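Enquirer: Below is the file final31.txt, with compact mmCIF, C-alpha atoms (C1' of nucleotides).
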# COMPACT_ATOMS: atom_id res chain seq x y z
CA MET A 1 59.04 -45.30 236.43
CA LYS A 2 55.31 -44.93 236.05
CA ASP A 3 53.57 -43.03 233.31
CA HIS A 4 52.30 -39.56 234.15
CA ALA A 5 48.91 -38.12 233.48
CA TYR A 6 48.69 -34.80 231.71
CA PRO A 7 45.75 -32.44 231.69
CA ASP A 8 43.11 -31.67 229.16
CA LEU A 9 44.18 -28.33 227.77
CA LYS A 10 40.77 -26.79 228.12
CA ASP A 11 41.25 -27.11 231.89
CA VAL A 12 44.54 -25.18 231.88
CA PRO A 13 44.13 -21.51 232.83
CA VAL A 14 46.13 -18.89 230.97
CA ALA A 15 47.92 -17.98 234.17
CA THR A 16 49.18 -21.54 234.55
CA ALA A 17 50.59 -21.62 231.03
CA LEU A 18 52.23 -18.22 231.41
CA GLN A 19 53.72 -19.13 234.75
CA ALA A 20 55.09 -22.35 233.33
CA LEU A 21 56.87 -20.41 230.61
CA ALA A 22 58.06 -17.63 232.90
CA ASP A 23 61.22 -19.41 234.01
CA PRO A 24 64.55 -19.42 232.19
CA VAL A 25 65.19 -23.13 232.64
CA ARG A 26 61.74 -24.15 231.47
CA LEU A 27 61.96 -21.72 228.58
CA SER A 28 65.22 -23.36 227.61
CA ILE A 29 63.63 -26.81 227.75
CA VAL A 30 60.75 -25.74 225.53
CA ARG A 31 63.13 -24.09 223.09
CA LYS A 32 65.22 -27.21 222.82
CA LEU A 33 62.09 -29.17 222.02
CA LEU A 34 61.07 -26.58 219.46
CA THR A 35 64.39 -26.72 217.64
CA ILE A 36 64.04 -30.44 216.99
CA ASN A 37 60.62 -29.85 215.47
CA GLY A 38 58.32 -31.87 217.64
CA GLY A 39 60.78 -34.68 218.26
CA GLU A 40 61.51 -36.38 221.53
CA LEU A 41 64.21 -35.77 224.12
CA THR A 42 65.06 -37.42 227.41
CA CYS A 43 65.48 -35.63 230.74
CA GLY A 44 69.20 -36.15 230.45
CA ASP A 45 69.22 -34.01 227.32
CA PHE A 46 68.24 -31.00 229.45
CA CYS A 47 70.74 -31.44 232.26
CA ASP A 48 73.34 -29.02 230.93
CA GLU A 49 73.21 -26.49 233.74
CA VAL A 50 71.11 -27.91 236.54
CA SER A 51 70.79 -31.23 238.31
CA LYS A 52 68.51 -34.02 237.14
CA ALA A 53 66.28 -33.47 240.18
CA THR A 54 65.73 -29.87 239.14
CA ILE A 55 65.01 -30.89 235.56
CA SER A 56 62.54 -33.48 236.80
CA HIS A 57 60.78 -30.75 238.73
CA HIS A 58 60.58 -28.40 235.75
CA ILE A 59 59.41 -31.18 233.46
CA ARG A 60 56.60 -31.81 235.88
CA VAL A 61 55.56 -28.14 235.84
CA LEU A 62 55.55 -28.12 232.04
CA ARG A 63 53.56 -31.34 231.95
CA GLU A 64 50.93 -30.04 234.35
CA ALA A 65 50.64 -26.87 232.28
CA GLY A 66 49.83 -28.98 229.23
CA LEU A 67 52.98 -28.12 227.34
CA ILE A 68 54.55 -31.55 227.05
CA GLN A 69 53.75 -35.24 227.00
CA GLN A 70 55.92 -38.16 228.00
CA ARG A 71 56.31 -41.73 226.92
CA THR A 72 58.23 -44.31 228.89
CA GLU A 73 60.75 -46.39 227.03
CA GLY A 74 62.72 -48.67 229.30
CA THR A 75 64.30 -46.48 231.93
CA LYS A 76 64.03 -43.43 229.73
CA SER A 77 61.26 -40.88 229.59
CA MET A 78 60.75 -39.60 226.09
CA THR A 79 59.49 -36.02 226.21
CA SER A 80 57.86 -34.08 223.39
CA LEU A 81 55.77 -30.94 222.97
CA ARG A 82 52.00 -31.11 222.67
CA LEU A 83 52.34 -28.76 219.74
CA LYS A 84 48.93 -28.85 218.08
CA GLU A 85 46.90 -29.02 221.25
CA PHE A 86 48.80 -26.24 222.96
CA GLU A 87 48.66 -24.05 219.90
CA ALA A 88 44.92 -24.64 219.63
CA ARG A 89 44.41 -23.62 223.26
CA PHE A 90 46.90 -20.73 223.35
CA PRO A 91 47.34 -19.49 219.79
CA GLY A 92 50.63 -17.76 219.12
CA LEU A 93 52.17 -18.41 222.50
CA LEU A 94 54.75 -20.95 221.40
CA LYS A 95 55.61 -18.76 218.47
CA LEU A 96 56.64 -16.00 220.86
CA VAL A 97 58.93 -18.43 222.63
CA ARG A 98 60.40 -19.63 219.38
CA ALA A 99 60.87 -16.12 218.02
CA GLU A 100 63.30 -15.02 220.69
CA GLU A 101 66.16 -17.46 220.37
CA GLY A 102 67.65 -16.73 223.76
CA MET B 1 54.56 12.19 242.21
CA LYS B 2 57.13 12.10 239.49
CA ASP B 3 56.63 10.62 236.06
CA HIS B 4 57.97 7.16 235.44
CA ALA B 5 60.05 5.97 232.56
CA TYR B 6 58.93 2.92 230.66
CA PRO B 7 61.06 0.72 228.47
CA ASP B 8 61.43 0.39 224.75
CA LEU B 9 59.55 -2.81 223.96
CA LYS B 10 62.31 -4.20 221.83
CA ASP B 11 64.39 -4.38 225.02
CA VAL B 12 61.79 -6.44 226.87
CA PRO B 13 62.54 -10.19 226.86
CA VAL B 14 59.71 -12.64 226.41
CA ALA B 15 60.36 -14.06 229.86
CA THR B 16 59.80 -10.62 231.41
CA ALA B 17 56.46 -10.18 229.67
CA LEU B 18 55.31 -13.68 230.59
CA GLN B 19 56.36 -13.26 234.19
CA ALA B 20 54.54 -9.93 234.41
CA LEU B 21 51.34 -11.61 233.27
CA ALA B 22 51.79 -14.70 235.43
CA ASP B 23 50.19 -13.25 238.52
CA PRO B 24 46.46 -13.16 239.30
CA VAL B 25 46.41 -9.57 240.53
CA ARG B 26 48.35 -8.26 237.55
CA LEU B 27 46.20 -10.31 235.21
CA SER B 28 43.16 -8.71 236.77
CA ILE B 29 44.63 -5.24 236.29
CA VAL B 30 45.33 -5.89 232.63
CA ARG B 31 41.87 -7.33 232.11
CA LYS B 32 40.24 -4.29 233.65
CA LEU B 33 42.21 -2.11 231.29
CA LEU B 34 41.22 -4.30 228.37
CA THR B 35 37.53 -4.08 229.14
CA ILE B 36 37.55 -0.31 228.90
CA ASN B 37 39.13 -0.54 225.48
CA GLY B 38 42.39 1.29 225.88
CA GLY B 39 41.06 3.87 228.27
CA GLU B 40 42.68 5.12 231.45
CA LEU B 41 42.25 4.04 235.07
CA THR B 42 43.80 5.22 238.31
CA CYS B 43 45.53 3.02 240.86
CA GLY B 44 42.53 3.37 243.10
CA ASP B 45 40.41 1.65 240.48
CA PHE B 46 42.39 -1.54 241.07
CA CYS B 47 42.31 -1.59 244.87
CA ASP B 48 39.38 -3.95 245.24
CA GLU B 49 41.17 -6.81 246.94
CA VAL B 50 44.64 -5.64 247.90
CA SER B 51 46.16 -2.54 249.44
CA LYS B 52 47.27 0.47 247.45
CA ALA B 53 50.90 -0.34 248.21
CA THR B 54 50.50 -3.74 246.63
CA ILE B 55 48.79 -2.26 243.59
CA SER B 56 51.57 0.27 243.25
CA HIS B 57 54.06 -2.60 243.24
CA HIS B 58 52.18 -4.53 240.55
CA ILE B 59 51.70 -1.44 238.44
CA ARG B 60 55.45 -0.99 238.53
CA VAL B 61 56.05 -4.56 237.36
CA LEU B 62 53.62 -4.10 234.49
CA ARG B 63 55.21 -0.79 233.54
CA GLU B 64 58.70 -2.26 233.49
CA ALA B 65 57.46 -5.13 231.34
CA GLY B 66 56.21 -2.61 228.79
CA LEU B 67 52.55 -3.38 229.28
CA ILE B 68 51.32 -0.03 230.52
CA GLN B 69 52.05 3.67 230.42
CA GLN B 70 51.20 6.36 232.96
CA ARG B 71 50.35 10.00 232.87
CA THR B 72 50.26 12.20 235.91
CA GLU B 73 47.23 14.38 236.41
CA GLY B 74 47.26 16.23 239.67
CA THR B 75 47.67 13.64 242.39
CA LYS B 76 46.32 10.92 240.15
CA SER B 77 48.24 8.56 237.94
CA MET B 78 46.34 7.76 234.80
CA THR B 79 47.21 4.27 233.62
CA SER B 80 46.55 2.78 230.20
CA LEU B 81 47.74 -0.17 228.15
CA ARG B 82 50.43 0.21 225.50
CA LEU B 83 48.16 -1.75 223.21
CA LYS B 84 49.70 -1.28 219.79
CA GLU B 85 53.31 -1.42 220.89
CA PHE B 86 52.84 -4.48 223.04
CA GLU B 87 50.86 -6.26 220.37
CA ALA B 88 53.58 -5.49 217.84
CA ARG B 89 56.25 -6.91 220.10
CA PHE B 90 54.29 -9.91 221.42
CA PRO B 91 51.60 -10.71 218.84
CA GLY B 92 48.59 -12.51 220.26
CA LEU B 93 49.63 -12.37 223.89
CA LEU B 94 47.06 -9.83 225.04
CA LYS B 95 44.41 -11.67 223.10
CA LEU B 96 45.04 -14.76 225.23
CA VAL B 97 44.53 -12.68 228.34
CA ARG B 98 41.37 -11.15 226.98
CA ALA B 99 39.99 -14.48 225.81
CA GLU B 100 39.80 -16.02 229.25
CA GLU B 101 37.49 -13.72 231.15
CA GLY B 102 38.48 -15.01 234.57
C1' DT C 1 48.70 27.17 255.67
C1' DT C 2 46.27 23.21 256.87
C1' DT C 3 43.94 19.27 255.39
C1' DC C 4 42.65 15.79 252.10
C1' DT C 5 43.64 12.79 248.29
C1' DT C 6 46.56 9.81 245.61
C1' DG C 7 50.45 7.24 244.96
C1' DT C 8 55.32 5.80 246.20
C1' DT C 9 58.76 3.85 249.24
C1' DA C 10 60.90 1.45 253.14
C1' DG C 11 60.79 -2.29 256.09
C1' DA C 12 59.08 -6.47 257.85
C1' DC C 13 56.77 -10.83 257.31
C1' DC C 14 55.61 -14.87 255.03
C1' DT C 15 54.66 -17.86 251.14
C1' DT C 16 56.22 -19.72 247.01
C1' DC C 17 59.56 -21.88 244.49
C1' DA C 18 64.19 -23.05 242.38
C1' DT C 19 67.92 -25.84 243.69
C1' DC C 20 70.64 -29.67 245.35
C1' DA C 21 72.07 -34.12 247.61
C1' DA C 22 70.51 -38.35 249.00
C1' DA C 23 67.49 -42.03 248.98
C1' DC C 24 64.43 -44.57 246.25
C1' DA C 25 62.05 -47.06 242.06
C1' DA C 26 62.24 -49.52 238.03
C1' DG C 27 63.90 -51.21 233.90
C1' DC C 28 68.17 -52.91 231.40
C1' DC C 29 72.46 -55.79 230.93
C1' DG C 30 76.21 -58.92 232.31
C1' DC D 1 71.57 -62.28 241.02
C1' DG D 2 74.28 -57.70 241.08
C1' DG D 3 75.47 -53.50 239.02
C1' DC D 4 74.21 -49.80 235.81
C1' DT D 5 71.16 -46.26 233.92
C1' DT D 6 67.40 -43.05 234.13
C1' DG D 7 63.97 -40.50 236.58
C1' DT D 8 61.29 -39.47 240.74
C1' DT D 9 60.68 -38.02 245.45
C1' DT D 10 61.88 -36.15 249.86
C1' DG D 11 63.81 -32.86 252.79
C1' DA D 12 66.58 -28.88 253.46
C1' DT D 13 68.21 -24.43 252.08
C1' DG D 14 68.12 -20.00 250.17
C1' DA D 15 66.38 -16.55 247.06
C1' DA D 16 62.56 -14.20 244.99
C1' DG D 17 58.51 -11.94 245.44
C1' DG D 18 53.60 -10.82 247.19
C1' DT D 19 51.56 -8.48 251.02
C1' DC D 20 50.86 -5.24 254.62
C1' DT D 21 51.53 -1.06 257.70
C1' DA D 22 53.57 3.19 258.32
C1' DA D 23 55.94 6.98 256.78
C1' DC D 24 56.60 10.03 253.08
C1' DA D 25 55.83 13.20 248.70
C1' DA D 26 53.20 16.21 246.16
C1' DG D 27 49.30 18.28 244.20
C1' DA D 28 44.34 19.92 245.27
C1' DA D 29 41.11 22.21 248.03
C1' DA D 30 39.40 24.76 251.91
Go through the file and emit its structure as structure tokens.

Expert:
Amino acid sequence: MKDHAYPDLKDVPVATALQALADPVRLSIVRKLLTINGGELTCGDFCDEVSKATISHHIRVLREAGLIQQRTEGTKSMTSLRLKEFEARFPGLLKLVRAEEG
Amino acid sequence: MKDHAYPDLKDVPVATALQALADPVRLSIVRKLLTINGGELTCGDFCDEVSKATISHHIRVLREAGLIQQRTEGTKSMTSLRLKEFEARFPGLLKLVRAEEG
DNA sequence: TTTCTTGTTAGACCTTCATCAAACAAGCCG
DNA sequence: CGGCTTGTTTGATGAAGGTCTAACAAGAAA
């Protein structure tokens, strides 16, 4: 498993960020990451309702929207939010997601 | 043309608001409304790049997401942002849209 | 009334995208 | 080495939704 590149947040358009968050599965992923306060989770931790292939797809969308970063550890991919950077680029957006505990 | 109902903002999920704003045409509509500082525009004012049927569709999506309100005046439909209410429900969201003058 | 203007709706078309199974890649562990 | 774990990728499928034309609705204007 190779490491993935993730974008500079100043290159991420608002529409991309909004679109990334406008999906129930991705919203659920982000919320899970928010509840553990900036900690790391593996893809497997998100596979409650959909297949690992689907999760892998959504993780990619979130990564390309600048929301998350990943670190490879053995066969696992440790995923965490880019909290400070994302908040600096899109102030208040994550707070809206956190507020509604759906 | 009959008047449309628009939702109570407390009943609008975050995902609905994000999805409404995650489209280039709708983003452009909202930005036009933002530039005139809470004023009113007709559907025709948005028909630069797409047909009036398409605009009507997008206006409906925005209305059902609680972003806009409409007032009938003759054959025209005066559209304006629900600035205060939307800001109260989703603090900072419209500011993100306004910030990026795309 | 007839015509024009403005917007909505129905229907069709097509792109995007969410989803899955299956195959693959790559690191761990016996 | 061979099997196990974890993710990724590919290809197919189906649903959602953006777009248009054409038909319609309703007020304005002549």

Enquirer: Dump as a list in words the residues of chain D that approach chain B to within 9 Å, counting only C-alpha atoms (C1' of nucleotides).

Expert: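 That gives DG18, DT19, DC20, DA25, DA26, DG27 and DA28 of chain D for chain D.
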
Enquirer: If we count all atoms listed in the file and set the cut-off at 9 Å, which residues sit around Leu96 in chain B, ignoring sequence neighbours fewer than 6 positions away in its own chain? Please answer as a PyMOL selection string.

Expert: chain A and resi 14+90-93

Enquirer: Residues proximal to (58.7, -34.9, 239.0) were defined as those with any atom within 12 Å of that point in the file's coordinates, counting all atoms listed in the file. Which are they, as a PDB file with C-alpha atoms (C1' of nucleotides), in the coordinates of the input?

Expert:
ATOM      1  CA  MET A   1      59.040 -45.300 236.430  1.00  0.00           C
ATOM      2  CA  LYS A   2      55.310 -44.930 236.050  1.00  0.00           C
ATOM      3  CA  ASP A   3      53.570 -43.030 233.310  1.00  0.00           C
ATOM      4  CA  HIS A   4      52.300 -39.560 234.150  1.00  0.00           C
ATOM      5  CA  ALA A   5      48.910 -38.120 233.480  1.00  0.00           C
ATOM      6  CA  CYS A  43      65.480 -35.630 230.740  1.00  0.00           C
ATOM      7  CA  LYS A  52      68.510 -34.020 237.140  1.00  0.00           C
ATOM      8  CA  ALA A  53      66.280 -33.470 240.180  1.00  0.00           C
ATOM      9  CA  THR A  54      65.730 -29.870 239.140  1.00  0.00           C
ATOM     10  CA  ILE A  55      65.010 -30.890 235.560  1.00  0.00           C
ATOM     11  CA  SER A  56      62.540 -33.480 236.800  1.00  0.00           C
ATOM     12  CA  HIS A  57      60.780 -30.750 238.730  1.00  0.00           C
ATOM     13  CA  HIS A  58      60.580 -28.400 235.750  1.00  0.00           C
ATOM     14  CA  ILE A  59      59.410 -31.180 233.460  1.00  0.00           C
ATOM     15  CA  ARG A  60      56.600 -31.810 235.880  1.00  0.00           C
ATOM     16  CA  VAL A  61      55.560 -28.140 235.840  1.00  0.00           C
ATOM     17  CA  LEU A  62      55.550 -28.120 232.040  1.00  0.00           C
ATOM     18  CA  ARG A  63      53.560 -31.340 231.950  1.00  0.00           C
ATOM     19  CA  GLU A  64      50.930 -30.040 234.350  1.00  0.00           C
ATOM     20  CA  GLN A  70      55.920 -38.160 228.000  1.00  0.00           C
ATOM     21  CA  SER A  77      61.260 -40.880 229.590  1.00  0.00           C
TER      22      SER A  77
ATOM     23  C1'  DG D   7      63.970 -40.500 236.580  1.00  0.00           C
ATOM     24  C1'  DT D   8      61.290 -39.470 240.740  1.00  0.00           C
ATOM     25  C1'  DT D   9      60.680 -38.020 245.450  1.00  0.00           C
ATOM     26  C1'  DT D  10      61.880 -36.150 249.860  1.00  0.00           C
TER      27       DT D  10
END

Enquirer: May I have a table of the residues of chain C lying at most 8 Å from chain A, giving each one's closest pair of atoms and their distance in Å to one decimal, counting all atoms listed in the file, ordered by chain and ascending residue number, as CSV?

Expert:
residue,atom,partner,partner_atom,distance
C:DA18,C1',A:Thr54,CA,7.7
C:DT19,C1',A:Thr54,CA,6.5
C:DC20,C1',A:Ser51,CA,7.2
C:DA25,C1',A:Met1,CA,6.6
C:DA26,C1',A:Met1,CA,5.5
C:DG27,C1',A:Thr75,CA,5.1
C:DC28,C1',A:Gly74,CA,7.2

Enquirer: Given the selection you just returned, output its residues as a file containing C-alpha atoms (C1' of nucleotides), formatted as an mmCIF file, keeping the file's coordinate frame.

Expert:
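Dumped to selection-v9.cif:
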data_model
loop_
_atom_site.group_PDB
_atom_site.id
_atom_site.type_symbol
_atom_site.label_atom_id
_atom_site.label_comp_id
_atom_site.auth_asym_id
_atom_site.auth_seq_id
_atom_site.Cartn_x
_atom_site.Cartn_y
_atom_site.Cartn_z
ATOM 1 C "C1'" DA C 18 64.190 -23.050 242.380
ATOM 2 C "C1'" DT C 19 67.920 -25.840 243.690
ATOM 3 C "C1'" DC C 20 70.640 -29.670 245.350
ATOM 4 C "C1'" DA C 25 62.050 -47.060 242.060
ATOM 5 C "C1'" DA C 26 62.240 -49.520 238.030
ATOM 6 C "C1'" DG C 27 63.900 -51.210 233.900
ATOM 7 C "C1'" DC C 28 68.170 -52.910 231.400
#

Enquirer: What's the separation between CA of Ala22 in chain A and CA of Ala15 in chain B, in Å to one decimal place?

Expert: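 Separating CA of Ala22 in chain A from CA of Ala15 in chain B is a distance of 5.2 Å.
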
Enquirer: CA of Lys10 in chain B to CA of Lys32 in chain A: how many Å, to one decimal?

Expert: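 It comes out at 23.2 Å.
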